[in-house]
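Participant: Got a structure for you, questions after.
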Amino acid sequence: MYAEVFLKCPFMFPQLLMVTIFGYDDNAYISLHVKTIFRNPKVVKPYSVPSPEQCNLPAAAIHASSDMIVVVDYNAPAAHVAQHKWQPNTPDGQGTPFLFQHGKATSGTAGGTLMRMFKGPAGTGEEWQFPQALAFGVSGIRSQAIVAITCDKEIITGGHADNSIRVISSDGAKTLETAYAHRAPVTSLGLSLDSNYLVTGSRDTTVLLWRIHRALASRSSVKSESSVGTGTLPSPSSSSSSYLSIEKNRRRRIEGPIQVLRGHRSEILSCCVSSDLGIVVSCSHTSDVLLHSIKKGRLIRRLDGVVAHSVCLSSEGVVMTWNELQHTLSTFTLNGVLIAKTELSFSSSISCMEISFDGRNALIGINSLENGRSYNSGWNLQSSKSGIVDFNSESEETHEISTINAPTPSICFLDLHTLEVFHVLRLGEGQDITALALNKDNTNLLVSTSDKQLIIFTDPALSLKVVDQMLKLGWEGDGLRPLIKA
């Protein structure tokens with residue numbers, strides 16, 4: 001009886017999975033969730049979210065938490081934002097292994113936001129409204145490179161004409177905070193997995209490091225700091241200024257910049273940061289890939305001769321780079337040693353890169369070249385004429401270069417240390433990939449496509465195993481064992 005109610009009432013039991021399993025046996029949670037999409041990708045199946053016109057697509061960025069999906073569209077920094085409720089790994093009773101509820105449409109304009117109307121299906125007469133951030137963007141900057149979503153579901157954007165970075169709310173696209181430090185527009189930004197650090201790269205050739213404070217955490221820290229005395233009673237004037245300072249800090253989400261990272265000679269194309277490793281990785285049009293320390297802000301490694309247009313950093317300290325000119329994907333150690341290198345067809349391009357939470361695997365979204373992301377054609381031509389070499393000849397002599405022959409569009413599963421493809425998810429014609437996102441436990445992959453579809457890849461058996469485990473841990477009946485395929 002309980003199982004029937006659970007399956008038919010999508011959001012009656014929010015977070016029930018976590019509460020129930022942790023309440024009985026932590027090992028049950030572990031045994032279910034170690035089975036990520038990387039563990040056995042052959043059983044992963046695609047599920048298109050119904051009514052995609054209500055999803056705010058195509059997306060420049062997606063964030064999937066345990067109860068919500070935030071979608072930021074391609075208009076960043078003047079981005080439209082949508083929130084959708086969902087419950088991963090939970091059958092909806094209609095053949096879908098997750099619960100999904102579209103975000104409610106809003107009406108009118110409010111609080112510094114603009115609205116854009118999205119029409120419903122033909123003949124329905126419905127209109128879907130998504131709040132839009134008020135911003136003036138700069139041309140020539142990729143939307144995917146200037147959007148990040150924090151663990152608190154707040155959105156950070158760059159690419160503003162006033163050279164700022166801004167924190168935007170996901171529930172109304174309101175500007176919560178604005179920070180200034182760059183002398184030119186921000187062209188790329190990266191957020192650490194724990195949302196504690198932000199790096200921003202700009203056309204002014206610098207990379208800035210910021211500290212991000214969570215709303216509740218910042219309040220508690222302010223309270224603790226304000227409670228520390230100096231041993232003397234403050235004067236009324238100092239008490240007033242202290243109060244104003246506390247109130248100012250309480251509202252602050254972005255602190256800094258705490259470090260200014262130098263060494264590039266042209267526009268920053270990509271940057272990323274790891275709190276655990278204490279490392280910032282960045283690349284630019286003409287400079288090498290640079291590694292800086294978070295603590296001191298010093299340049300600790302220069303990958304000499306490595307030209308990259310996009311970079312990623314794994315939790316195990318593997319740097320992955322993509323060279324658009326030579327169509328090569330490479331991995332390096334933090335000491336700059338080449339681990340592996342592979343080539344892609346010149347008729348295809350990588351639009352997105354994601355690394356698994358354990359740092360062992362990677363996902364790359366491959367589009368056809370004419371439909372994939374492109375860089376400034378004038379710079380590409382100039383670089384070709386000047387004869388820029390990818391990396392040093394010693395690395396090329398000692399490492400075999402493999403080739404990825406994947407259809408387009410598709411998503412390739414890679415071993416991060418060998419760059420060997422161990423699985424391919426093929427998409428339909430015209431479904432070029434605009435954004436990829438993994439949920440925290442890597443059991444679901446969310447994909448936004450250029451034809452305005454939101455596709456969720458997951459193992460359908462996992463949701464049945466979850467409910468079966470819940471039944472065994474306290475619900476009535478024998479579980480769902482008859483429905484689970486071995």
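In the structure tokens, chains take the letters A, B, ... in the order shown, each chain's residues start at 1, and ligands count up from 1 in the order shown.
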Check the DSSP output for the backbone and give back, as a ChimeraX atom specification, the residues of region 154-365 of chain A in strand (DSSP E or B).
Facilitator: /A:155-157,160,164-168,175-180,186-191,197-202,207-212,254-261,268-274,279-284,289-293,299-303,310-313,319-323,328-332,338-344,348-355,361-365
Participant: Using only C-alpha atoms, which protein or nucleic acid residues come within 7 Å of Val281 (chain A)? Drop anything in the same chain fewer than 3 positions from it, and give the result as a list in words.
Facilitator: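 Returned residues: Cys271, Cys272, Val273, Leu290, Leu291 and His292 of chain A.
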Participant: Keeping only C-alpha atoms, write those residues as a short mmCIF file (atom, residue, chain, number, x, y, z; two decimals), in the first residue's frame.
Facilitator:
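Contents of out_18.cif, freshly written:
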data_model
loop_
_atom_site.label_atom_id
_atom_site.label_comp_id
_atom_site.auth_asym_id
_atom_site.auth_seq_id
_atom_site.Cartn_x
_atom_site.Cartn_y
_atom_site.Cartn_z
CA CYS A 271 39.83 28.43 -15.84
CA CYS A 272 39.01 26.04 -13.00
CA VAL A 273 39.81 25.64 -9.31
CA LEU A 290 49.30 27.84 -16.05
CA LEU A 291 48.90 26.37 -12.55
CA HIS A 292 48.70 28.74 -9.58
#
Participant: Could you state the separation of CA of Leu198 (chain A) and CA of Pro58 (chain A) in Å, given to one decimal place?
Facilitator: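 Between CA of Leu198 (chain A) and CA of Pro58 (chain A) the gap works out to 24.7 Å.
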Participant: Can you tell me, as an MDAnalysis selection string, what residues are no more than 6 Å from region 339-345 of chain A when counting only C-alpha atoms, ignoring any on the same chain fewer than 6 positions away?
Facilitator: chainID A and resid 327:332 401:404 418
Participant: Taking into account only C-alpha atoms, which residue in the set A:Thr205, A:Glu324, A:Ile156, A:Lys296 is nearest to Arg253 (chain A)?
Facilitator: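 So, comparing all the options, the nearest one is A:Ile156.
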Participant: Hey, can you check how far CA of Asn335 (chain A) sits from CA of Ala437 (chain A)?
Facilitator: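 Pair CA of Asn335 (chain A) / CA of Ala437 (chain A) returns 28.6 Å.
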Participant: Write out as number ranges by chain which residues come within 10 Å of Val447 (chain A) when counting only C-alpha atoms, dropping same-chain ones fewer than 3 positions away.
Facilitator: A: 46, 48, 58-59, 61-62, 365, 411, 431-438, 444, 453-457
Participant: Take the residues from that selection and write them out as an mmCIF file, in the first residue's frame, keeping C-alpha atoms.
Facilitator:
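This went into again.cif:
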data_model
loop_
_atom_site.group_PDB
_atom_site.id
_atom_site.type_symbol
_atom_site.label_atom_id
_atom_site.label_comp_id
_atom_site.auth_asym_id
_atom_site.auth_seq_id
_atom_site.Cartn_x
_atom_site.Cartn_y
_atom_site.Cartn_z
ATOM 1 C CA PRO A 46 17.793 8.073 -22.115
ATOM 2 C CA SER A 48 13.338 12.886 -22.470
ATOM 3 C CA PRO A 58 18.697 25.269 -24.771
ATOM 4 C CA ALA A 59 20.790 25.604 -21.624
ATOM 5 C CA ALA A 61 24.399 25.595 -17.577
ATOM 6 C CA ILE A 62 22.478 23.027 -15.527
ATOM 7 C CA GLY A 365 30.030 16.150 -25.595
ATOM 8 C CA ILE A 411 28.608 11.743 -25.420
ATOM 9 C CA GLN A 431 20.530 17.276 -31.076
ATOM 10 C CA ASP A 432 23.840 19.067 -30.669
ATOM 11 C CA ILE A 433 24.891 19.257 -27.025
ATOM 12 C CA THR A 434 24.816 22.646 -25.298
ATOM 13 C CA ALA A 435 25.295 21.603 -21.655
ATOM 14 C CA LEU A 436 26.098 18.541 -19.536
ATOM 15 C CA ALA A 437 25.542 18.048 -15.797
ATOM 16 C CA LEU A 438 26.012 15.136 -13.402
ATOM 17 C CA ASN A 444 22.138 10.671 -13.486
ATOM 18 C CA GLN A 453 15.291 18.907 -25.356
ATOM 19 C CA LEU A 454 16.288 17.931 -21.826
ATOM 20 C CA ILE A 455 17.431 14.302 -21.762
ATOM 21 C CA ILE A 456 18.259 12.443 -18.546
ATOM 22 C CA PHE A 457 20.441 9.332 -18.799
#
Participant: Find the residues around Leu193 (chain A) up to 9 Å (only C-alpha atoms counted), leave out those fewer than 4 positions away in its own chain, and share them as a list in words.
Facilitator: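 Contacts, in chain order: Thr150, Cys151, Tyr197, Val273, Ser274, Ser275 and Phe357 of chain A.
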Participant: Just the residues within 6 Å of region 131-145 of chain A, please, counting only C-alpha atoms, with nothing from its chain fewer than 3 positions along; format it as a ChimeraX atom specification.
Facilitator: /A:60,74,76-81,113-115,159-161,172-173,188
Participant: If you measure from CA of Ile268 (chain A) to CA of Ser202 (chain A), what distance in Å do you get, rounded to one decimal?
Facilitator: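 Between these atoms lies a distance of 5.4 Å.
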